[in-house]
>>> print(open('protein21.cif').read())   # mmCIF, C-alpha atoms and all ligand atoms
data_structure
loop_
_atom_site.label_atom_id
_atom_site.label_comp_id
_atom_site.auth_asym_id
_atom_site.auth_seq_id
_atom_site.Cartn_x
_atom_site.Cartn_y
_atom_site.Cartn_z
CA MET A 30 0.00 0.00 0.00
CA ARG A 31 1.14 3.52 -0.78
CA GLU A 32 -0.05 6.02 1.80
CA ALA A 33 -0.49 9.78 2.07
CA ILE A 34 -1.38 12.05 4.96
CA LEU A 35 -3.38 15.19 4.13
CA LEU A 36 -3.20 18.03 6.64
CA VAL A 37 -6.67 19.53 6.64
CA GLY A 38 -7.18 20.68 10.23
CA GLY A 39 -6.52 24.44 9.92
CA GLN A 40 -9.16 27.05 10.67
CA GLY A 41 -8.70 28.92 7.39
CA THR A 42 -9.07 32.30 9.09
CA ARG A 43 -7.99 34.25 6.00
CA LEU A 44 -10.90 32.78 4.05
CA ARG A 45 -13.61 33.72 6.53
CA PRO A 46 -16.55 33.87 6.26
CA LEU A 47 -16.44 31.00 3.74
CA THR A 48 -14.69 28.80 6.30
CA ILE A 49 -17.20 29.35 9.11
CA ALA A 50 -19.27 26.35 8.02
CA THR A 51 -16.89 24.63 5.61
CA PRO A 52 -13.21 23.94 6.30
CA LYS A 53 -10.93 25.40 3.61
CA PRO A 54 -9.95 22.06 2.01
CA MET A 55 -13.64 21.22 1.51
CA LEU A 56 -14.44 24.51 -0.26
CA LYS A 57 -15.12 23.90 -3.92
CA VAL A 58 -12.75 25.20 -6.57
CA ALA A 59 -14.21 24.71 -10.04
CA GLY A 60 -17.07 22.83 -8.37
CA VAL A 61 -14.91 20.21 -6.63
CA PRO A 62 -13.49 20.32 -3.06
CA VAL A 63 -9.76 21.09 -2.93
CA THR A 64 -9.19 17.79 -1.08
CA VAL A 65 -10.86 15.83 -3.89
CA HIS A 66 -8.64 17.50 -6.51
CA GLN A 67 -5.64 16.41 -4.42
CA ILE A 68 -6.84 12.85 -3.83
CA GLU A 69 -7.54 12.34 -7.55
CA ARG A 70 -3.98 13.35 -8.46
CA LEU A 71 -2.53 11.24 -5.62
CA ARG A 72 -4.50 8.21 -6.82
CA SER A 73 -3.10 8.66 -10.34
CA ALA A 74 0.36 8.60 -8.73
CA GLY A 75 -0.30 5.21 -7.13
CA ILE A 76 -1.48 6.29 -3.65
CA ASP A 77 -4.30 4.03 -2.47
CA ARG A 78 -4.70 4.94 1.23
CA VAL A 79 -5.19 8.46 2.58
CA ILE A 80 -5.17 9.57 6.22
CA LEU A 81 -6.96 12.87 6.71
CA GLY A 82 -5.51 14.80 9.64
CA THR A 83 -8.52 16.81 10.72
CA SER A 84 -9.37 19.05 13.63
CA TYR A 85 -11.53 22.07 12.72
CA ARG A 86 -14.97 20.93 11.43
CA ALA A 87 -13.85 17.29 11.14
CA ASP A 88 -17.47 16.20 10.58
CA VAL A 89 -17.64 17.94 7.20
CA PHE A 90 -14.88 15.71 5.77
CA ALA A 91 -16.47 12.48 6.95
CA GLU A 92 -19.87 13.53 5.56
CA GLY A 93 -18.46 14.58 2.19
CA LEU A 94 -15.82 11.90 1.56
CA GLY A 95 -16.88 8.88 3.63
CA ASP A 96 -14.54 5.91 3.35
CA GLY A 97 -13.18 7.13 0.00
CA SER A 98 -14.72 4.35 -2.09
CA ASP A 99 -16.27 6.91 -4.49
CA LEU A 100 -12.77 8.28 -5.11
CA GLY A 101 -11.10 4.89 -5.49
CA VAL A 102 -8.94 5.15 -2.37
CA GLU A 103 -9.32 4.14 1.27
CA ILE A 104 -9.78 7.18 3.53
CA VAL A 105 -9.30 7.04 7.29
CA TYR A 106 -9.59 9.93 9.73
CA ALA A 107 -7.18 11.06 12.43
CA VAL A 108 -9.13 13.67 14.41
CA GLU A 109 -7.19 15.97 16.75
CA ASP A 110 -9.06 17.16 19.83
CA GLU A 111 -6.89 20.29 19.77
CA PRO A 112 -5.01 21.42 16.64
CA LEU A 113 -1.47 20.02 16.89
CA GLY A 114 0.23 22.12 14.18
CA THR A 115 1.68 20.58 11.04
CA GLY A 116 4.27 18.28 12.72
CA GLY A 117 1.99 17.29 15.58
CA ALA A 118 -0.77 16.44 13.10
CA ILE A 119 1.56 14.24 11.02
CA ARG A 120 2.69 12.37 14.18
CA HIS A 121 -0.92 11.96 15.30
CA ALA A 122 -2.00 10.62 11.89
CA ALA A 123 0.94 8.18 11.90
CA ASP A 124 -0.90 6.00 14.42
CA LEU A 125 -3.16 4.97 11.51
CA LEU A 126 -0.39 4.23 8.97
CA VAL A 127 0.17 0.66 7.85
CA SER A 128 3.47 1.42 6.04
CA GLY A 129 6.69 -0.18 7.27
CA PRO A 130 9.55 1.84 8.84
CA ASP A 131 11.45 2.32 5.56
CA ASP A 132 8.42 3.00 3.37
CA PRO A 133 7.81 6.46 1.88
CA VAL A 134 4.75 8.40 3.10
CA ALA A 135 3.56 11.46 1.17
CA VAL A 136 2.31 14.41 3.24
CA LEU A 137 0.35 17.31 1.71
CA ASN A 138 -0.93 20.62 3.03
CA GLY A 139 -4.62 20.49 2.29
CA ASP A 140 -4.95 23.91 0.70
CA VAL A 141 -2.57 23.74 -2.24
CA LEU A 142 -3.25 23.22 -5.95
CA SER A 143 -0.15 21.69 -7.44
CA GLY A 144 1.03 20.07 -10.64
CA VAL A 145 4.04 18.38 -9.03
CA ASP A 146 4.73 14.84 -10.22
CA TYR A 147 4.05 12.95 -6.97
CA ALA A 148 5.21 9.60 -8.37
CA ALA A 149 8.57 11.07 -9.43
CA LEU A 150 8.95 12.85 -6.08
CA ILE A 151 8.41 9.56 -4.21
CA ALA A 152 10.68 7.59 -6.56
CA GLY A 153 13.49 10.17 -6.16
CA HIS A 154 13.09 10.10 -2.39
CA VAL A 155 13.40 6.31 -2.27
CA ALA A 156 16.37 6.24 -4.67
CA ALA A 157 18.24 8.83 -2.55
CA ASP A 158 17.29 7.09 0.73
CA ALA A 159 16.43 10.51 2.17
CA ALA A 160 14.87 11.16 5.58
CA VAL A 161 12.53 13.71 3.99
CA THR A 162 12.08 15.09 0.48
CA LEU A 163 10.36 18.45 0.09
CA HIS A 164 8.74 19.88 -2.98
CA LEU A 165 10.01 23.45 -3.38
CA THR A 166 8.58 26.08 -5.67
CA ARG A 167 10.00 29.39 -6.85
CA VAL A 168 8.10 32.61 -6.20
CA ASP A 169 8.53 36.13 -7.61
CA ASP A 170 8.29 37.78 -4.20
CA PRO A 171 9.78 35.56 -1.47
CA ARG A 172 9.17 38.10 1.35
CA ARG A 173 5.88 36.47 2.39
CA TYR A 174 7.41 33.02 2.89
CA GLY A 175 9.95 30.98 4.81
CA LEU A 176 12.89 30.22 2.47
CA VAL A 177 14.54 26.87 1.74
CA PRO A 178 18.00 27.18 0.11
CA THR A 179 19.56 24.00 -1.31
CA ASP A 180 23.07 23.04 -2.48
CA PRO A 181 23.70 22.09 -6.14
CA HIS A 182 22.81 18.45 -5.33
CA GLY A 183 19.42 19.40 -3.90
CA ARG A 184 20.40 18.97 -0.25
CA VAL A 185 18.51 21.43 1.94
CA LEU A 186 20.95 23.80 3.68
CA GLU A 187 18.62 25.51 6.13
CA PHE A 188 15.07 26.63 6.86
CA ARG A 189 14.91 30.41 7.09
CA GLU A 190 12.05 32.36 8.59
CA LYS A 191 10.35 35.04 6.44
CA PRO A 192 13.06 37.51 5.33
CA THR A 193 12.85 41.01 6.80
CA THR A 194 15.74 42.63 4.89
CA PRO A 195 16.85 42.28 1.23
CA GLU A 196 20.09 40.57 2.39
CA GLU A 197 18.05 37.81 3.97
CA ILE A 198 16.50 36.86 0.61
CA VAL A 199 19.08 34.15 -0.13
CA THR A 200 16.86 32.19 -2.53
CA ASP A 201 13.48 32.34 -4.24
CA GLN A 202 12.71 28.72 -3.24
CA ILE A 203 9.92 28.15 -0.76
CA ASN A 204 8.34 25.14 0.90
CA ALA A 205 5.46 24.08 -1.36
CA GLY A 206 3.65 22.15 1.40
CA CYS A 207 4.26 18.67 -0.06
CA TYR A 208 6.71 16.23 1.51
CA VAL A 209 7.76 12.60 1.34
CA PHE A 210 8.84 11.21 4.72
CA ARG A 211 10.59 7.95 5.52
CA ARG A 212 7.96 6.49 7.83
CA SER A 213 10.41 5.91 10.70
CA VAL A 214 11.21 9.66 10.69
CA ILE A 215 7.56 10.48 11.37
CA ASP A 216 7.70 8.21 14.42
CA THR A 217 10.46 10.39 15.92
CA ILE A 218 8.21 13.49 16.04
CA PRO A 219 7.07 14.04 19.65
CA SER A 220 3.45 12.99 20.14
CA GLY A 221 0.62 14.73 21.96
CA ARG A 222 1.80 18.32 21.58
CA VAL A 223 1.93 21.12 19.04
CA VAL A 224 4.88 20.75 16.63
CA SER A 225 5.75 22.75 13.51
CA VAL A 226 7.62 20.82 10.80
CA GLU A 227 9.34 23.95 9.49
CA ARG A 228 10.42 25.36 12.83
CA GLU A 229 11.17 22.15 14.70
CA THR A 230 11.16 18.84 12.81
CA PHE A 231 13.11 19.82 9.68
CA PRO A 232 15.78 21.94 11.44
CA GLU A 233 16.35 19.08 13.90
CA LEU A 234 16.87 16.63 11.04
CA LEU A 235 19.46 18.99 9.52
CA ALA A 236 21.21 19.35 12.89
CA ALA A 237 21.39 15.54 13.10
CA ASP A 238 22.99 15.49 9.61
CA GLU A 239 20.08 13.54 8.11
CA LEU A 240 19.50 13.88 4.36
CA VAL A 241 16.71 16.40 3.72
CA ARG A 242 16.24 16.94 -0.03
CA GLY A 243 14.53 19.77 -1.84
CA VAL A 244 13.14 19.20 -5.32
CA VAL A 245 12.49 22.40 -7.28
CA ASP A 246 10.34 22.41 -10.41
CA ASP A 247 8.27 24.74 -12.54
CA ALA A 248 5.00 22.86 -12.10
CA TYR A 249 1.82 24.83 -11.42
CA TRP A 250 1.57 25.77 -7.73
CA LEU A 251 -0.89 27.91 -5.80
CA ASP A 252 -1.63 28.19 -2.09
CA LEU A 253 -5.36 28.86 -1.79
CA GLY A 254 -5.07 30.65 1.56
CA THR A 255 -6.46 34.08 0.62
CA PRO A 256 -9.73 34.99 -1.14
CA GLN A 257 -7.75 36.42 -4.06
CA ASP A 258 -5.80 33.17 -4.54
CA PHE A 259 -8.89 31.05 -3.97
CA VAL A 260 -10.74 32.63 -6.90
CA ARG A 261 -7.57 32.54 -9.00
CA GLY A 262 -7.14 28.80 -8.30
CA SER A 263 -10.70 28.05 -9.34
CA ALA A 264 -10.34 30.12 -12.52
CA ASP A 265 -6.99 28.47 -13.34
CA LEU A 266 -8.63 25.04 -13.16
CA VAL A 267 -11.52 26.11 -15.41
CA LEU A 268 -9.19 27.81 -17.91
CA GLY A 269 -6.88 24.77 -17.99
CA ARG A 270 -3.88 26.55 -16.42
CA ALA A 271 -3.93 24.32 -13.33
CA PRO A 272 -3.77 20.54 -13.77
CA TRP A 273 -7.15 18.81 -13.82
CA PRO A 274 -7.07 15.46 -15.64
CA GLY A 275 -10.05 14.95 -17.94
CA HIS A 276 -11.22 18.58 -17.84
CA GLU A 277 -11.71 20.40 -21.12
CA PRO A 278 -10.42 24.01 -20.68
CA ALA A 279 -13.19 26.61 -20.98
CA ASP A 280 -13.75 30.31 -20.43
CA ALA A 281 -16.42 29.51 -17.84
CA LEU A 282 -17.86 26.44 -16.18
CA VAL A 283 -21.60 26.15 -15.52
CA LEU A 284 -22.30 23.21 -13.22
CA GLU A 285 -25.40 21.03 -13.38
CA GLY A 286 -28.55 23.06 -12.75
CA GLY A 287 -26.73 26.38 -13.09
CA SER A 288 -28.17 28.89 -15.57
CA VAL A 289 -26.87 31.93 -17.40
CA ALA A 290 -29.27 34.26 -19.25
CA GLY A 291 -28.63 34.80 -22.94
CA SER A 292 -27.64 38.44 -22.50
CA ALA A 293 -25.40 37.77 -19.45
CA ARG A 294 -21.63 37.32 -19.76
CA VAL A 295 -19.58 34.82 -17.73
CA SER A 296 -15.84 34.75 -18.39
CA ALA A 297 -12.20 34.54 -17.22
CA GLY A 298 -12.62 31.10 -15.68
CA SER A 299 -15.76 31.83 -13.66
CA CYS A 300 -17.52 28.87 -12.10
CA ILE A 301 -21.32 28.97 -11.80
CA GLY A 302 -22.36 26.51 -9.07
CA ARG A 303 -25.14 23.94 -9.06
CA GLY A 304 -28.49 25.71 -9.20
CA ALA A 305 -26.82 29.14 -9.33
CA THR A 306 -28.29 31.75 -11.69
CA VAL A 307 -26.94 34.72 -13.61
CA ALA A 308 -29.74 36.98 -14.84
CA ALA A 309 -30.06 39.14 -17.95
CA ASP A 310 -27.29 41.67 -18.66
CA ALA A 311 -25.33 40.60 -15.58
CA GLU A 312 -21.58 40.01 -15.81
CA VAL A 313 -19.46 37.51 -13.87
CA VAL A 314 -15.69 37.75 -14.42
CA GLY A 315 -13.07 35.42 -12.87
CA SER A 316 -15.37 34.58 -9.96
CA VAL A 317 -16.86 31.67 -8.06
CA LEU A 318 -20.62 31.44 -7.52
CA LEU A 319 -21.24 28.67 -5.00
CA ASP A 320 -24.30 26.43 -5.28
CA GLY A 321 -27.64 28.23 -5.38
CA ALA A 322 -26.13 31.75 -5.56
CA SER A 323 -27.89 34.29 -7.75
CA VAL A 324 -26.67 37.36 -9.58
CA GLU A 325 -29.59 39.51 -10.58
CA SER A 326 -30.04 41.57 -13.72
CA GLY A 327 -27.34 44.05 -14.64
CA ALA A 328 -25.16 43.19 -11.61
CA ARG A 329 -21.39 42.83 -12.01
CA VAL A 330 -19.27 40.31 -10.04
CA VAL A 331 -15.49 40.43 -10.54
CA SER A 332 -12.75 38.33 -8.85
CA SER A 333 -15.10 37.46 -6.00
CA VAL A 334 -16.70 34.52 -4.24
CA VAL A 335 -20.49 34.56 -3.82
CA GLY A 336 -21.51 32.08 -1.11
CA ALA A 337 -24.12 29.34 -1.36
CA ASP A 338 -27.67 30.71 -1.82
CA ALA A 339 -26.40 34.31 -1.55
CA VAL A 340 -27.94 37.00 -3.75
CA VAL A 341 -26.28 39.91 -5.54
CA GLY A 342 -29.14 42.29 -6.32
CA ALA A 343 -29.83 44.00 -9.62
CA THR A 344 -27.13 46.46 -10.80
CA ALA A 345 -24.99 45.85 -7.67
CA VAL A 346 -21.20 45.69 -8.13
CA VAL A 347 -19.10 43.15 -6.23
CA GLU A 348 -15.37 43.27 -6.91
CA ASP A 349 -12.54 41.53 -4.95
CA ALA A 350 -15.06 40.61 -2.27
CA VAL A 351 -16.35 37.56 -0.41
CA ILE A 352 -20.08 37.22 0.16
CA GLY A 353 -21.07 34.74 2.87
CA ASP A 354 -23.69 32.03 2.41
CA ARG A 355 -27.29 33.23 2.14
CA ALA A 356 -26.28 36.92 2.40
CA ARG A 357 -28.22 39.40 0.27
CA ILE A 358 -26.55 42.39 -1.34
CA GLY A 359 -29.41 44.73 -2.15
CA SER A 360 -29.65 46.20 -5.60
CA GLY A 361 -27.46 49.18 -6.43
CA ASN A 362 -24.79 48.53 -3.73
CA GLU A 363 -21.08 48.53 -4.49
CA LEU A 364 -18.62 46.31 -2.62
CA ARG A 365 -14.96 46.43 -3.55
CA GLY A 366 -11.40 46.02 -2.34
CA GLY A 367 -11.48 42.99 -0.02
CA ALA A 368 -14.97 43.53 1.46
CA ARG A 369 -16.31 40.51 3.34
CA ILE A 370 -19.99 40.03 4.11
CA TRP A 371 -20.90 37.51 6.81
CA PRO A 372 -23.49 34.76 6.21
CA ASP A 373 -27.17 35.79 6.34
CA VAL A 374 -26.36 39.52 6.38
CA GLU A 375 -28.76 41.64 4.31
CA LEU A 376 -27.73 44.92 2.75
CA ALA A 377 -30.80 46.98 1.86
CA ASP A 378 -31.49 48.02 -1.72
CA THR A 379 -30.29 51.51 -2.48
CA SER A 380 -32.21 53.88 -4.68
CA ILE A 381 -29.33 56.32 -5.05
CA ARG A 382 -28.52 56.57 -8.74
CA PHE A 383 -25.73 58.50 -10.42
CA SER A 384 -26.50 60.20 -13.70
CA THR A 385 -24.00 59.28 -16.39
CA ASP A 386 -24.49 62.57 -18.27
CA ALA A 387 -23.94 64.94 -15.31
P1 LIG A 401 -5.22 30.47 7.98
O1 LIG A 401 -5.88 30.45 9.32
O2 LIG A 401 -5.97 31.33 7.01
O3 LIG A 401 -3.75 30.79 8.03
O4 LIG A 401 -5.32 28.99 7.32
P2 LIG A 401 -4.95 27.54 7.95
O5 LIG A 401 -5.60 27.39 9.26
O6 LIG A 401 -5.32 26.53 6.93
O7 LIG A 401 -3.38 27.57 8.17
P3 LIG A 401 -2.24 27.28 7.12
O8 LIG A 401 -2.63 27.83 5.78
O9 LIG A 401 -0.96 27.75 7.69
O10 LIG A 401 -2.20 25.69 7.10
C1 LIG A 401 -1.55 24.95 6.08
C2 LIG A 401 -2.19 23.57 5.99
O11 LIG A 401 -2.00 22.83 7.20
C3 LIG A 401 -3.69 23.65 5.78
O12 LIG A 401 -4.03 22.64 4.86
C4 LIG A 401 -4.28 23.38 7.15
O13 LIG A 401 -5.54 22.72 7.04
C5 LIG A 401 -3.23 22.47 7.78
N1 LIG A 401 -3.10 22.67 9.23
C6 LIG A 401 -2.65 23.79 9.86
N2 LIG A 401 -2.64 23.61 11.17
C7 LIG A 401 -3.08 22.34 11.40
C8 LIG A 401 -3.30 21.56 12.59
O14 LIG A 401 -3.09 22.00 13.73
N3 LIG A 401 -3.78 20.29 12.41
C9 LIG A 401 -4.04 19.77 11.18
N4 LIG A 401 -4.50 18.53 11.10
N5 LIG A 401 -3.84 20.47 10.05
C10 LIG A 401 -3.38 21.75 10.16
#
>>> encode(input="protein21.cif", output="structure tokens", more="lines below")
Ligand code: GTP
Amino acid sequence: MREAILLVGGQGTRLRPLTIATPKPMLKVAGVPVTVHQIERLRSAGIDRVILGTSYRADVFAEGLGDGSDLGVEIVYAVEDEPLGTGGAIRHAADLLVSGPDDPVAVLNGDVLSGVDYAALIAGHVAADAAVTLHLTRVDDPRRYGLVPTDPHGRVLEFREKPTTPEEIVTDQINAGCYVFRRSVIDTIPSGRVVSVERETFPELLAADELVRGVVDDAYWLDLGTPQDFVRGSADLVLGRAPWPGHEPADALVLEGGSVAGSARVSAGSCIGRGATVAADAEVVGSVLLDGASVESGARVVSSVVGADAVVGATAVVEDAVIGDRARIGSGNELRGGARIWPDVELADTSIRFSTDA
């Protein structure tokens, strides 16, 4: 058996209010939960058993994914009473592994869309007999991330905290949130307490002169942590920029039961959820409408997420915003620049109109 642990226990605070009811990995990008996108790619790479390390809203995973038979893998659940951090969660999930001490175990952050070749990553790890192999990705602006410099042979040299000065930017390589562990290494992580892999586990392995490898590639990679990246990830899947086996790239994706009026425009990778509606003359650009959402006539939704059963009233404008489930944005309102509306909130219609020929 080839096993993987998915870390899906975070609270997803940056994606509130979407994550109040649904944990981030179960939010749908291009109509499919992030975790399902990951499991499908893992299965293609030969993984047949997945341990979900859950904590926040653990029930939602069990309800949505069950024992994994619909996805062609076996899923088991390691539920933390208190969040244990990335390392603590891996150690906790290890109690459910069936792999032997020398077997490779893949570990994925549950909020990343990635085109990395998992099978090649695992094969390289085994061939090098490494303690841990990390997938690294290059970013244009490394200031937001911890950095992972490697030597010319791919050996990790150190784990650096987020740089604060230009001199500290020693590389553009960052931890992509995908690892292969030798199983026996997981068993050395202390159990029953909070542990961070980046701050504790990996630096300790380096100090003990264990082989920690970093594999850098140019595969698609996106962390879906912020609303902006969440909508971008969904659009990239629809447009065919992010890997999605079997999907035909399109300018927009209208899921079963979704409807778009003839005079409406949906574009730039927008996803119109099940039963969602876009009325006459409305425009939806690079956005996600969750199931049952409606955009009324003449409204404009750009780079935003509209929650399940939420309503954007006629002629309203919603740009770079997140609308919670069942909220109602009354007609004529404008929401821009990172606005977040909590579930069930109602913004009254506004009758204020601006003349275009003033
Ligand atoms: P923010 O609150 O918005 O930062 O999101 P987050 O809670 O998901 O945190 P972060 O993005 O740093 O987490 C990276 C990945 O690790 C996500 O897939 C989380 O679900 C997961 N994760 C973070 N902390 C824990 C934990 O304590 N336990 C488990 N099981 N998973 C965790």
>>> residues_around(input="protein21.cif", residues="segment 68-79 of chain A", least_positions_apart="4", cutoff="7 Å", atoms="all atoms listed in the file", output="list in words")
Met30, Arg31, Glu32, Ala33, Ile34, Thr64, Val102, Glu103, Ile104, Val105, Tyr147 and Ala148 of chain A
>>> closest_residue(input="protein21.cif", among="A:Leu235, A:Ala293, A:Leu253, A:Ala152", to="ligand LIG 401 (chain A)", atoms="only C-alpha atoms and all ligand atoms")
A:Leu253
>>> residues_near_ligand(input="protein21.cif", ligand="ligand LIG 401 (chain A)", cutoff="9 Å", atoms="all atoms listed in the file", output="PyMOL selection string")
chain A and resi 35-45+52-54+81-85+107-109+111-119+121-122+137-141+206+223-225+252-255
>>> closest_residue(input="protein21.cif", among="A:Val340, A:Ile358, A:Leu94, A:Leu176", to="Lys191 of chain A", atoms="all atoms listed in the file")
A:Leu176
>>> closest_residue(input="protein21.cif", among="A:Val334, A:Ala311, A:Ala237, A:Val214", to="Asp258 of chain A", atoms="all atoms listed in the file")
A:Val334
>>> closest_residue(input="protein21.cif", among="A:Ala264, A:Leu165, A:Val155, A:Leu47", to="Phe210 of chain A", atoms="only C-alpha atoms")
A:Val155
>>> atom_distance(input="protein21.cif", atom1="atom CA of Leu319 of chain A", atom2="atom CA of Ala305 of chain A")
7.1 Å
>>> closest_residue(input="protein21.cif", among="A:Val89, A:Leu186, A:Ala356, A:Ile370", to="Glu239 of chain A", atoms="all atoms listed in the file")
A:Leu186
>>> atom_distance(input="protein21.cif", atom1="atom CA of Thr179 of chain A", atom2="atom CA of Ile215 of chain A")
22.1 Å
>>> atom_distance(input="protein21.cif", atom1="atom CA of Ser288 of chain A", atom2="atom CA of Val324 of chain A")
10.5 Å
>>> closest_residue(input="protein21.cif", among="A:Pro46, A:Gly298, A:Gly129, A:Gly336", to="Gly269 of chain A", atoms="only C-alpha atoms")
A:Gly298
>>> residues_near_point(input="protein21.cif", point="(-18.0, 42.6, -6.7)", cutoff="7 Å", atoms="all atoms listed in the file", output="PyMOL selection string")
chain A and resi 329-331+333+346-350+364-365
>>> residues_around(input="protein21.cif", residues="segment 271-274 of chain A", least_positions_apart="4", cutoff="10 Å", atoms="only C-alpha atoms", output="PyMOL selection string")
chain A and resi 59+66-67+69-70+73+142-145+248-251+261-267+278
>>> residues_near_point(input="protein21.cif", point="(-20.0, 34.6, -10.1)", cutoff="6 Å", atoms="only C-alpha atoms", output="PyMOL selection string")
chain A and resi 313+316-318+330
